[in-house]
$ cat run.pdb   # PDB, C-alpha atoms and all ligand atoms
ATOM      1  CA  MET A   1       0.000   0.000   0.000
ATOM      2  CA  MET A   2       1.258   3.461  -0.905
ATOM      3  CA  PRO A   3       0.960   5.998   1.899
ATOM      4  CA  THR A   4      -1.713   8.456   0.886
ATOM      5  CA  ILE A   5      -2.798  11.752   2.338
ATOM      6  CA  HIS A   6      -6.447  12.706   2.068
ATOM      7  CA  PRO A   7      -6.817  16.236   3.408
ATOM      8  CA  THR A   8     -10.573  16.038   3.817
ATOM      9  CA  GLY A   9     -10.734  12.560   5.285
ATOM     10  CA  ILE A  10     -11.675   9.060   4.276
ATOM     11  CA  ALA A  11     -15.364   9.957   3.866
ATOM     12  CA  ASN A  12     -14.502  11.472   0.493
ATOM     13  CA  ARG A  13     -13.290   8.228  -1.030
ATOM     14  CA  LEU A  14     -15.046   7.508  -4.293
ATOM     15  CA  SER A  15     -16.404   4.018  -4.700
ATOM     16  CA  CYS A  16     -18.468   2.362  -7.398
ATOM     17  CA  PRO A  17     -22.094   1.981  -6.264
ATOM     18  CA  THR A  18     -22.452  -1.118  -8.448
ATOM     19  CA  CYS A  19     -19.482  -3.276  -7.430
ATOM     20  CA  GLY A  20     -17.886  -1.384  -4.537
ATOM     21  CA  ASN A  21     -14.564  -0.900  -6.323
ATOM     22  CA  ASP A  22     -12.695   2.077  -4.887
ATOM     23  CA  GLU A  23      -9.248   1.576  -6.413
ATOM     24  CA  VAL A  24      -9.281   1.541 -10.206
ATOM     25  CA  PHE A  25     -11.025   4.040 -12.483
ATOM     26  CA  PHE A  26     -10.504   5.235 -16.029
ATOM     27  CA  GLU A  27     -11.421   8.270 -18.071
ATOM     28  CA  LEU A  28     -12.641   8.207 -21.637
ATOM     29  CA  ALA A  29     -12.332  11.416 -23.661
ATOM     30  CA  ASN A  30     -14.339  12.117 -26.807
ATOM     31  CA  ASP A  31     -13.158  14.238 -29.737
ATOM     32  CA  VAL A  32      -9.514  14.394 -28.736
ATOM     33  CA  LEU A  33      -7.144  16.367 -30.920
ATOM     34  CA  LEU A  34      -3.607  15.085 -30.360
ATOM     35  CA  THR A  35      -0.797  17.179 -31.833
ATOM     36  CA  SER A  36       2.711  15.675 -31.792
ATOM     37  CA  HIS A  37       5.714  17.925 -32.311
ATOM     38  CA  TYR A  38       8.892  16.653 -33.968
ATOM     39  CA  THR A  39      12.288  18.110 -34.779
ATOM     40  CA  GLN A  40      14.159  16.809 -37.810
ATOM     41  CA  ASN A  41      17.791  16.007 -37.128
ATOM     42  CA  SER A  42      20.685  16.669 -39.518
ATOM     43  CA  ASP A  43      20.696  13.013 -40.603
ATOM     44  CA  GLY A  44      17.036  13.183 -41.599
ATOM     45  CA  SER A  45      15.715  11.348 -38.541
ATOM     46  CA  PHE A  46      13.078  12.882 -36.289
ATOM     47  CA  THR A  47      13.017  13.441 -32.548
ATOM     48  CA  HIS A  48       9.705  13.532 -30.735
ATOM     49  CA  ASP A  49       9.520  16.777 -28.737
ATOM     50  CA  SER A  50       6.137  17.027 -27.109
ATOM     51  CA  ASP A  51       2.450  16.257 -27.406
ATOM     52  CA  THR A  52      -0.409  18.691 -27.084
ATOM     53  CA  THR A  53      -3.804  17.238 -26.280
ATOM     54  CA  GLN A  54      -6.984  19.215 -26.813
ATOM     55  CA  ILE A  55     -10.237  17.628 -25.663
ATOM     56  CA  ASN A  56     -13.273  19.024 -27.475
ATOM     57  CA  GLY A  57     -15.862  16.518 -26.320
ATOM     58  CA  ASP A  58     -17.053  15.114 -23.033
ATOM     59  CA  VAL A  59     -14.757  13.293 -20.643
ATOM     60  CA  LEU A  60     -16.439  10.301 -19.056
ATOM     61  CA  LEU A  61     -15.439   8.436 -15.914
ATOM     62  CA  PHE A  62     -15.821   4.678 -15.613
ATOM     63  CA  CYS A  63     -15.311   2.079 -12.921
ATOM     64  CA  GLY A  64     -12.165   0.096 -13.744
ATOM     65  CA  ALA A  65     -13.644  -3.109 -12.334
ATOM     66  CA  CYS A  66     -17.173  -3.346 -13.788
ATOM     67  CA  GLN A  67     -17.101  -0.524 -16.410
ATOM     68  CA  GLU A  68     -20.085   1.220 -14.814
ATOM     69  CA  ASP A  69     -20.484   4.816 -16.032
ATOM     70  CA  LEU A  70     -19.491   6.998 -13.080
ATOM     71  CA  SER A  71     -19.487  10.305 -14.951
ATOM     72  CA  ARG A  72     -21.802  11.855 -12.352
ATOM     73  CA  TYR A  73     -18.805  11.664  -9.976
ATOM     74  CA  HIS A  74     -16.377  13.103 -12.488
ATOM     75  CA  GLN A  75     -16.223  16.620 -11.065
ATOM     76  CA  ARG A  76     -15.375  15.229  -7.634
ATOM     77  CA  PHE A  77     -12.891  12.847  -9.211
ATOM     78  CA  LYS A  78     -11.013  15.707 -10.877
ATOM     79  CA  GLU A  79     -10.893  17.684  -7.649
ATOM     80  CA  MET A  80      -9.158  14.779  -5.922
ATOM     81  CA  ILE A  81      -6.337  14.260  -8.446
ATOM     82  CA  PHE A  82      -3.009  15.302  -6.968
TER      83      PHE A  82
HETATM   84 ZN    ZN B   1     -17.838  -1.027 -10.469
END
$ encode --input "run.pdb" --output "structure tokens"
Amino acid sequence: MMPTIHPTGIANRLSCPTCGNDEVFFELANDVLLTSHYTQNSDGSFTHDSDTTQINGDVLLFCGACQEDLSRYHQRFKEMIF
């Protein structure tokens, strides 16, 4: 177990109402524009510099155990990412 600090207490832990999972979650973003920046080297090869991600659509939250749609908790989820 990693030591974790929850400033507002354990009552704020998010758990899936369907299966009780409170450890694994995933986000799904719609309409993502991914821009990848490259620099060409003198020998003609390319080096990957950075990626820019722009999300134009909705971002959904799902339970990582049973795939239940938990998007109604997404705002709270984002506030608890450190
Ligand atoms: Zn679940």
$ atom_distance --input "run.pdb" --atom1 "CA of Ser50 (chain A)" --atom2 "CA of Gly64 (chain A)"
28.3 Å
$ residues_near_ligand --input "run.pdb" --ligand "ligand ZN 1 (chain B)" --cutoff "9 Å" --atoms "all atoms listed in the file" --output "list in words"
Ser15, Cys16, Pro17, Thr18, Cys19, Gly20, Asn21, Asp22, Val24, Phe25, Phe62, Cys63, Gly64, Ala65, Cys66, Gln67, Glu68, Asp69 and Leu70 of chain A
$ residues_around --input "run.pdb" --residues "region 54-60 of chain A" --least-positions-apart "2" --cutoff "8 Å" --atoms "all atoms listed in the file" --output "list in words"
Glu27, Leu28, Ala29, Asn30, Asp31, Val32, Leu33, Leu34, Thr52, Phe62, Asp69, Leu70, Ser71 and His74 of chain A
$ atom_distance --input "run.pdb" --atom1 "CA of His37 (chain A)" --atom2 "CA of Asp51 (chain A)"
6.1 Å
$ atom_distance --input "run.pdb" --atom1 "CA of Phe77 (chain A)" --atom2 "CA of Glu23 (chain A)"
12.2 Å
$ residues_around --input "run.pdb" --residues "Arg76 (chain A)" --least-positions-apart "3" --cutoff "10 Å" --atoms "only C-alpha atoms" --output "list in words"
Asn12, Arg13, Leu14, Ser71, Arg72, Tyr73, Glu79, Met80 and Ile81 of chain A
$ resolve_selection --input "run.pdb" --expression "the PyMOL selection byres (((chain A and resi 38) around 9) and not hetatm)" --output "PyMOL selection string"
chain A and resi 36-37+39-40+46-50
$ axis_aligned_box --input "run.pdb" --around "region 31-41 of chain A" --padding-each-side "3 Å" --output "AutoDock Vina command-line options"
--center_x 2.3 --center_y 16.2 --center_z -33.3 --size_x 36.9 --size_y 9.9 --size_z 15.1
